[in-house]
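Asker: Before I ask anything, here is the structure I am working with.
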Amino acid sequence: MKKTIGIALLIATMSFFIYSFDYFSSLDNKIYDHHFKTQRTQALENSIVILTIDDESLEKISEWPWSRALYSNIVDTLRAGNAKIIAFDINFDTHTKFDRKNNKLFNRSIQNHPNIIFSRRIKIYNKKTSFLNLRNQSINSNRYSILHQSHDADYSVRRHSLLVKIRDAIYPCFALDIAAAYLDSSLTDDAMSIQNHILKINNLNIPLDKHNKMLINYSTKSHSIPIIPILKILDPNFLKYNPKLFTNKIVLIGTTASELQDIYPTPPAATMDGIEIQAHTIQTIINKQFIKTIPHIYYLLIILIPSLLISILAKRINIIGGFLFLVLFNYALFLSAKILFQHHIVLNVFASLFSLFLSYLASILYRFLVEEKQKKEELRHARLLSITRMSVSLNHEINNPLAFIMMGAQLSIKLANNLLLSADKSTKQVLKTILDTSEKTYIESKHIAKILQDIQHIQEPIIEDYVDGTKMIKVKFD
Amino acid sequence: MSKTILIIDDEYIIRWILKGSLGKNDLTIMDASSGAEGIELAKQLSPDLIIMDYKMPDMNGWQATSKIKEFLPNVIVIGHTGYANDKSREEGIKLGCTEILQKPVDLDIWNKIISKYLA
C-alpha cells in the first residue's frame, strides 16, 4: 500500500516536471483549440471595424503601390464618420508610393485626427529584439507601436506579448496601445507594472500566462467584426449609406489580399488574417474578457491528487473496477476543463492524465508482481508440506518394522557368533550363512534409516532425472 | 549393586530383542506390554532406567512417563519412537523423558546409552 502510494507520488512529481518544461503543451493546445470550436457563442460588444486591402481593391485600383493621397482620403472619411481611433497595420515604405505632394496631403489629414496609431515591425534574432526598419521619417507622427505576431511551437497564434522590450526600453504592442487609447488609459512607464503574471495598467488588471503573455479570447465571432474593402470606402457616397458604421469605433487598416499574405493558424480557424487576430486581441482587452490560467504551482496538486486516488483505489478493487475509475477520472478532468473554460479559465489536463494513467499501470503491475510472488510462495509451501507429511508417514510406518529388522539382525549376529565357537562343521556352515545374511540385512536397514532421516530434513525439494523422462525427488545425500 | 531396566513396549519382538541384546551380568531387565502395566511394574520395581515406546494402544509413552515421574522423579527415561520431530521431542522432554531416540536404534547405541546412564 505504502509502496504504491510512493510510486504514485514519484510519477506525479515526474509528470509535474515534464509539464513544467512544456512537453504536454502540444496536446493541451489541441484541447484548448477544441474549447474555442465547441463553446457557446457570446454576444459581446464589438468596438472594431476592419478596412482591408483585399484582392478586389488591388485589382480595381490599378497602380501599386498606392498613392498616399488615397490614404489621406480614407483618413478624412473616417474622421467625418467619427472614428475614435485609426490604426495602420500597413508598411508605408512598401505599400505606398512616396511623392512630396501626396505625402503632404496625407500628413495634413493625420494632423487633423487626434488618435492615429502607426505600427513598426520588429525582428527577433538570437533572442535579441530590434526594429525591423528605421522609422519612416516622411510621415509626420511619433505615435508608433510594436506589431509582432508571436506564435506557439505549432505556429498557431494563441497568445500575445503585450509589452516588448527593445534595448532596455519597454514598448506597448500595437493591440495594447489601441485598446488603452480606446479606454482612455495612458501607457506611461509609471502606470504599467507586471506582478505575479498580472499586467497592471492604471485600474486595469490583465492576467498573463506563465510566460507573461496574454491569451487571446477568440470568443467574439469573426463575422461580428465588419470587414470592409478599401475600394468601397473610396465611394464618395459611402458615409451617406453607412452613417453610424465608424462612430466611436476603432478602425484597423490592414491587408487581407492573397498577394500580400499575412495569415496564421488560430484556435477557432485554420487560417486567420493578421489584422483580424489583432482585432480579437484588442477586443479581449476592451471587453475585459480575459482567459485566465491556473498558477503553475497548483498543477502539482492537480497532477498529484488523481494519481494518489487511483493508486489507493486500484489497490482495493479489482483491475476492471480500477479501469472504470480511470475512465471516470479522465472524464471528470475533461469535463472540469470544459466547464472552467466556459468561465474563461484554462485547465491543462494532459500532465494529470499522463500521471493518472502511469500510476494506474504501476499499481496494477505492482499488484500483479506481489500476487505472483505470493502464489509462488504458497505453492512452494504446499509442496514442502506434502513432502513433510509423506516423510512423517514413511518414518512412522517404516521405522517401527525397521527397528525389528535392524535389531533382529544384530541379535542374530550376536547369537550366531556365540554358537559359532562350539558348533560342529556342518552347523558352522549354516551359522556362517546366517551371519552373512544378517550382516547384509543390518547394513541395508541402516541405509534405509539414513534415507528416511534425510527426507525428514528436506527444506527445498531437488528434482532430478530418473529414467525415460521420469523425475524424482532427490533423497540420497552422501 | 545390580541395576534394573524396565522396557515398556507393546511390540513383543522389540522387547525380546532388547532383552536379549542388552543383557549383562549386573543388569536386571524386566518388560511390560502396555502403559498401564509399565506404570504398575515401575511402582513395584523402582527401576533405574526405563526404555519407553511412544505409540502404545492404551496411552502414549510420554503420558506414561509423566505418571511414573510422579512417584519416581529421578528415574531415567529413554523415549523410543518411530517419528521424532522437534515438537514431539520437546513435549517428551517436558513430560519427563531424559533423552529421545528415533527408531531404528543400533544396538551399539543402546549399549552406549545404558553405560552412560548406569555407570
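Order determines the names: the first chain of the C-alpha cells is A, the second B, and so forth; residues in each chain are numbered 1 upward, and ligands are numbered 1 upward as they are shown.
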Using only C-alpha atoms and a cut-off of 6 Å, which residues of chain B sit close to chain A? Please list them as a PyMOL selection string.
Answerer: chain B and resi 82-83+103-104
Asker: For His296 (chain A), find every residue with an atom within 8 Å (counting only C-alpha atoms), except residues of its own chain fewer than 2 positions away, and show them as number ranges by chain.
Answerer: A: 20, 210, 294, 298-300
Asker: Keeping only C-alpha atoms, write the selected residues to a file as a PDB file, in the first residue's frame.
Answerer:
```pdb
ATOM      1  CA  SER A  20       6.971  22.401 -16.354  1.00  0.00           C
ATOM      2  CA  LYS A 210       3.385  31.782 -17.125  1.00  0.00           C
ATOM      3  CA  ILE A 294      -4.163  28.443 -13.170  1.00  0.00           C
ATOM      4  CA  TYR A 298      -1.239  24.434  -8.369  1.00  0.00           C
ATOM      5  CA  TYR A 299      -0.614  21.866 -11.079  1.00  0.00           C
ATOM      6  CA  LEU A 300       1.422  19.931  -8.549  1.00  0.00           C
TER       7      LEU A 300
END
```
Asker: Neighbours of region 34-46 of chain B within 6 Å (only C-alpha atoms; same-chain residues fewer than 6 positions away dropped), as a PDB file with C-alpha atoms, in the first residue's frame?
Answerer:
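Done, and the output landed in around-v4.pdb:
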```
ATOM      1  CA  ILE B   8       7.763 -50.683  28.114  1.00  0.00           C
ATOM      2  CA  ASP B  10       3.626 -53.118  23.024  1.00  0.00           C
ATOM      3  CA  MET B  59      -1.722 -44.381  26.284  1.00  0.00           C
ATOM      4  CA  ALA B  64       3.057 -42.925  30.913  1.00  0.00           C
ATOM      5  CA  ILE B  68       5.791 -42.640  36.501  1.00  0.00           C
TER       6      ILE B  68
END
```
Asker: My list of candidates is B:Ile93, B:Ile7, B:Arg15, B:Thr81. Which is closest to Leu49 (chain B) when distances are computed with only C-alpha atoms?
Answerer: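 Distance minimum relative to Leu49 (chain B) lands on B:Ile7.
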Asker: As a count of residues only, please: all residues of region 82-244 of chain A that backbone DSSP puts in helix (DSSP H, G or I).
Answerer: 39
Asker: To one decimal place, how far is CA of Gln102 (chain B) from CA of Trp16 (chain B) in Å?
Answerer: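 Separation between CA of Gln102 (chain B) and CA of Trp16 (chain B): 18.6 Å.
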Asker: Name the residues of region 21-74 of chain B that come out as strand (DSSP E) in a backbone DSSP run; write them as a count of residues only.
Answerer: 11
Asker: Within 8 Å of Glu464 (chain A), counting only C-alpha atoms, which residues show up once you throw out same-chain ones fewer than 5 positions away? Write them as JSON, numbers by chain, please.
Answerer: {"A": [471, 472, 473, 474]}
Asker: Go ahead and write the residues just picked, C-alpha atoms, as an mmCIF file, in the first residue's frame.
Answerer:
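So result_13.cif came out as:
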```
data_model
loop_
_atom_site.group_PDB
_atom_site.id
_atom_site.type_symbol
_atom_site.label_atom_id
_atom_site.label_comp_id
_atom_site.auth_asym_id
_atom_site.auth_seq_id
_atom_site.Cartn_x
_atom_site.Cartn_y
_atom_site.Cartn_z
ATOM 1 C CA LYS A 471 11.548 -37.291 -12.431
ATOM 2 C CA MET A 472 12.209 -37.973 -8.779
ATOM 3 C CA ILE A 473 12.894 -36.039 -5.625
ATOM 4 C CA LYS A 474 16.468 -36.353 -4.501
#
```
Asker: If you count only C-alpha atoms, which residues fall within 6 Å of region 192-198 of chain A, apart from same-chain ones fewer than 6 positions away, as a PDB file with N, CA and C atoms, in the first residue's frame?
Answerer:
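Saved the output as around.pdb:
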```pdb
ATOM      1  N   ILE A 206      -4.631  42.856 -16.302  1.00  0.00           N
ATOM      2  CA  ILE A 206      -4.687  41.869 -17.385  1.00  0.00           C
ATOM      3  C   ILE A 206      -3.938  40.601 -16.954  1.00  0.00           C
ATOM      4  N   PRO A 207      -4.659  39.467 -16.764  1.00  0.00           N
ATOM      5  CA  PRO A 207      -3.960  38.248 -16.366  1.00  0.00           C
ATOM      6  C   PRO A 207      -3.112  37.709 -17.524  1.00  0.00           C
ATOM      7  N   LEU A 208      -1.896  37.280 -17.207  1.00  0.00           N
ATOM      8  CA  LEU A 208      -0.984  36.748 -18.227  1.00  0.00           C
ATOM      9  C   LEU A 208      -0.694  35.283 -17.930  1.00  0.00           C
ATOM     10  N   ASN A 212       4.209  35.276 -19.300  1.00  0.00           N
ATOM     11  CA  ASN A 212       3.811  36.693 -19.295  1.00  0.00           C
ATOM     12  C   ASN A 212       3.214  37.150 -20.621  1.00  0.00           C
TER      13      ASN A 212
END
```
Asker: To one decimal place, how far is CA of Asn29 (chain A) from CA of Ser336 (chain A) in Å?
Answerer: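 Answer for the CA of Asn29 (chain A) to CA of Ser336 (chain A) separation: 15.9 Å.
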Asker: Extract, using only C-alpha atoms, all DNA, RNA and protein residues at most 6 Å from Ser156 (chain A), discarding same-chain residues fewer than 4 positions from it, and format them as a ChimeraX atom specification.
Answerer: /A:151-152,265-266
